[in-house]
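Structure, as structure tokens:
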Amino acid sequence: MSTLVAPTPEAGSKPAQILEAAGKLFLDHGYGAVSMDAIAKTANVSKATLYAHFGSKDELFRAMVARECKGQTMAAVCEEARTLEMAEGLRLVARHFVTLILSPQALAGYRVVVGEAHRFPELASAFYDAGPARTMEQVTAFMVDLDRRGLLAIPDPQLAAEQFVGLIKSHTHLRFLLCLSERPTEEQLTRVVDGAVSLIIRGYAP
């Protein structure tokens with residue numbers, strides 16, 4: 001199984017400039033439409049410098065995906081949610097998750113990876129493991145905690161986590177992902193979040 005490792009170049013360094021330029025170009029135009037020439041020009045570096053730090057466009061694409069996944073963690077939010085009243089904790093997790101998946105950066109990254117999944121199946125798998133799968137592990141652990149404390153009766157925490165995340169994404173994420181609707185208003189997001197929380201609490205009531 002391939003593992004994505006996010007590079008951590010020093011701010012202002014050539015590798016940092018290259019990663020910033022490549023990330024913007026890949027997210028704006030997709031993998032196929034971006035050339036190493038364009039990346040070098042946008043980063044304001046020579047092609048020799050570019051290849052000295054990143055041996056290929058594939059390597060740069062992997063680095064960009066790894067960097068995007070690195071910032072998409074739910075661990076701190078789920079930990080904070082454990083300190084709150086159950087419904088408020090679930091709302092916090094749901095609100096953070098929906099804000100994350102509807103962010104322009106996350107949507108752009110998702111579109112690029114899905115678009116290239118047939119060409120880079122290992123990259124798609126690594127992306128899933130580093131991003132969505134990790135999120136599910138963290139939400140599952142939160143469900144385990146709710147069950148352990150007797151607040152909910154959850155026989156299958158992983159299934160409950162998947163149901164919760166599915167309820168939060170609803171059809172809102174797909175419509176926005178396909179550019180079929182504007183970003184949901186705060187009122188619409190609150191309706192989705194509250195509905196998901198209510199169904200989970202009622203469905204898994206002790």
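FYI, nothing fancy with the structure tokens labels: chains A, B, ... in order, residues from 1 per chain, ligands from 1 as they appear.
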
With segment 189-195 of chain A as the partner and 9 Å as the cut-off, tabulate the residues of segment 9-114 of chain A that qualify, each row holding the nearest pair of atoms and their distance in Å to one decimal, using only C-alpha atoms, sorted by chain and rising number, as a Markdown table.
```
| residue | atom | partner | partner_atom | distance |
| --- | --- | --- | --- | --- |
| A:Leu90 | CA | A:Val193 | CA | 8.8 |
| A:Arg91 | CA | A:Val193 | CA | 6.4 |
| A:Ala94 | CA | A:Val193 | CA | 5.9 |
| A:Arg95 | CA | A:Val193 | CA | 6.5 |
| A:Val98 | CA | A:Leu189 | CA | 7.9 |
| A:Thr99 | CA | A:Leu189 | CA | 8.9 |
```

Please write the residues from the selection above to a file, keeping N, CA and C atoms, as a compact mmCIF listing (two decimals), in the first residue's frame.
```txt
# COMPACT_ATOMS: atom_id res chain seq x y z
N LEU A 90 -21.67 16.26 18.96
CA LEU A 90 -22.01 15.79 17.62
C LEU A 90 -22.14 16.95 16.63
N ARG A 91 -22.74 18.03 17.09
CA ARG A 91 -22.88 19.21 16.23
C ARG A 91 -21.51 19.80 15.87
N ALA A 94 -19.95 17.56 13.27
CA ALA A 94 -20.67 17.69 12.00
C ALA A 94 -20.37 19.02 11.33
N ARG A 95 -20.38 20.09 12.10
CA ARG A 95 -20.14 21.42 11.54
C ARG A 95 -18.71 21.52 10.99
N VAL A 98 -18.51 19.37 7.67
CA VAL A 98 -19.17 19.95 6.50
C VAL A 98 -18.44 21.20 6.03
N THR A 99 -17.88 21.97 6.96
CA THR A 99 -17.10 23.14 6.57
C THR A 99 -15.85 22.71 5.81
```

Margin query: List as a list of chain:residue names the protein and nucleic acid residues near segment 21-29 of chain A, meaning an atom at most 6 Å away when only C-alpha atoms are counted, but skip any in the same chain fewer than 5 places from it.
Written below: A:Ile39, A:Thr42, A:Ala43, A:Met64, A:Ala108, A:Gly109

Write out, as JSON lines, each residue of segment 35-119 of chain A that has an atom at most 8 Å from segment 169-180 of chain A, together with the closest pair of atoms and their distance in Å to one decimal, counting only C-alpha atoms, rows going by chain and rising number.
```
{"residue": "A:Val98", "atom": "CA", "partner": "A:Lys169", "partner_atom": "CA", "distance": 6.7}
{"residue": "A:Ile101", "atom": "CA", "partner": "A:His173", "partner_atom": "CA", "distance": 7.5}
{"residue": "A:Leu102", "atom": "CA", "partner": "A:His173", "partner_atom": "CA", "distance": 6.8}
{"residue": "A:Leu107", "atom": "CA", "partner": "A:Leu177", "partner_atom": "CA", "distance": 6.4}
{"residue": "A:Arg111", "atom": "CA", "partner": "A:Leu177", "partner_atom": "CA", "distance": 7.8}
```

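Computed from the coordinates, the atom CA of Glu79 of chain A to atom CA of Pro132 of chain A distance equals 17.7 Å.
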
Separating atom CA of Met36 of chain A from atom CA of Glu59 of chain A, to the nearest tenth of an Å, is a gap of 11.3 Å

Using only C-alpha atoms, the shortest atom-to-atom distance to Ala130 of chain A among A:Ala196, A:Ala40, A:Cys69, A:Ile18 belongs to A:Cys69

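The closest residue to Tyr31 of chain A, picked from A:Phe97, A:Phe127, A:Phe120, A:Tyr51 and counting only C-alpha atoms, is A:Phe120.
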
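Comparing the minimum interatomic distances between Ala133 of chain A and each of A:Met74, A:Ala106, A:Leu92, A:Leu60, counting only C-alpha atoms, we find that A:Met74 sits nearest.
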
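Straight-line separation from atom CA of Leu123 of chain A to atom CA of Tyr110 of chain A: 12.3 Å.
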
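Residues lying within 10 Å of Pro206 of chain A, counting only C-alpha atoms and ignoring same-chain neighbours fewer than 4 positions away, are Asp147, Gly150, Leu151, Leu152, Ala153, Ile154, Ile201 and Arg202 of chain A.
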
Selected residues written out, C-alpha atoms, as an mmCIF file, in the first residue's frame:
```cif
data_model
loop_
_atom_site.group_PDB
_atom_site.id
_atom_site.type_symbol
_atom_site.label_atom_id
_atom_site.label_comp_id
_atom_site.auth_asym_id
_atom_site.auth_seq_id
_atom_site.Cartn_x
_atom_site.Cartn_y
_atom_site.Cartn_z
ATOM 1 C CA ASP A 147 -21.219 4.066 23.448
ATOM 2 C CA GLY A 150 -23.684 4.867 27.850
ATOM 3 C CA LEU A 151 -24.882 8.012 26.082
ATOM 4 C CA LEU A 152 -25.794 6.012 22.992
ATOM 5 C CA ALA A 153 -26.115 2.281 22.319
ATOM 6 C CA ILE A 154 -23.957 1.686 19.235
ATOM 7 C CA ILE A 201 -29.325 10.423 18.692
ATOM 8 C CA ARG A 202 -32.772 8.948 18.062
#
```

- Message: Quick check for you: according to DSSP on this backbone, which residues of segment 66-109 of chain A are classed as alpha helix (DSSP H)? Reply as a count of residues only.
- Response: 34

Using only C-alpha atoms, which residues sit within 10 Å of Ala141 of chain A once same-chain residues fewer than 5 positions away are excluded, as a short mmCIF file (atom, residue, chain, number, x, y, z; two decimals) with N, CA and C atoms, in the first residue's frame?
```cif
data_model
loop_
_atom_site.label_atom_id
_atom_site.label_comp_id
_atom_site.auth_asym_id
_atom_site.auth_seq_id
_atom_site.Cartn_x
_atom_site.Cartn_y
_atom_site.Cartn_z
N ALA A 75 -9.00 15.02 14.39
CA ALA A 75 -8.60 14.53 15.72
C ALA A 75 -8.87 15.54 16.82
N CYS A 78 -12.67 16.09 17.39
CA CYS A 78 -13.32 14.96 18.08
C CYS A 78 -12.92 14.94 19.56
N GLU A 79 -11.69 15.31 19.85
CA GLU A 79 -11.23 15.35 21.24
C GLU A 79 -12.00 16.43 22.00
N THR A 135 -10.23 10.35 8.67
CA THR A 135 -11.39 11.04 9.24
C THR A 135 -12.38 10.04 9.81
N MET A 136 -12.64 8.95 9.06
CA MET A 136 -13.58 7.95 9.53
C MET A 136 -13.09 7.28 10.81
N LEU A 146 -18.94 7.52 22.83
CA LEU A 146 -20.34 7.76 23.20
C LEU A 146 -21.00 6.47 23.68
N ASP A 147 -20.67 5.36 23.03
CA ASP A 147 -21.22 4.07 23.45
C ASP A 147 -20.64 3.64 24.80
N PRO A 157 -19.82 0.86 15.83
CA PRO A 157 -19.40 2.26 15.77
C PRO A 157 -18.92 2.71 14.39
N GLN A 158 -18.27 1.81 13.64
CA GLN A 158 -17.81 2.20 12.31
C GLN A 158 -19.00 2.48 11.39
N ALA A 161 -20.50 5.76 12.36
CA ALA A 161 -19.69 6.88 11.88
C ALA A 161 -19.93 7.13 10.39
#
```

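Distance check against Glu137 of chain A using only C-alpha atoms: of A:Glu122, A:Glu162, A:Glu182, A:Glu85, the minimum falls on A:Glu162.
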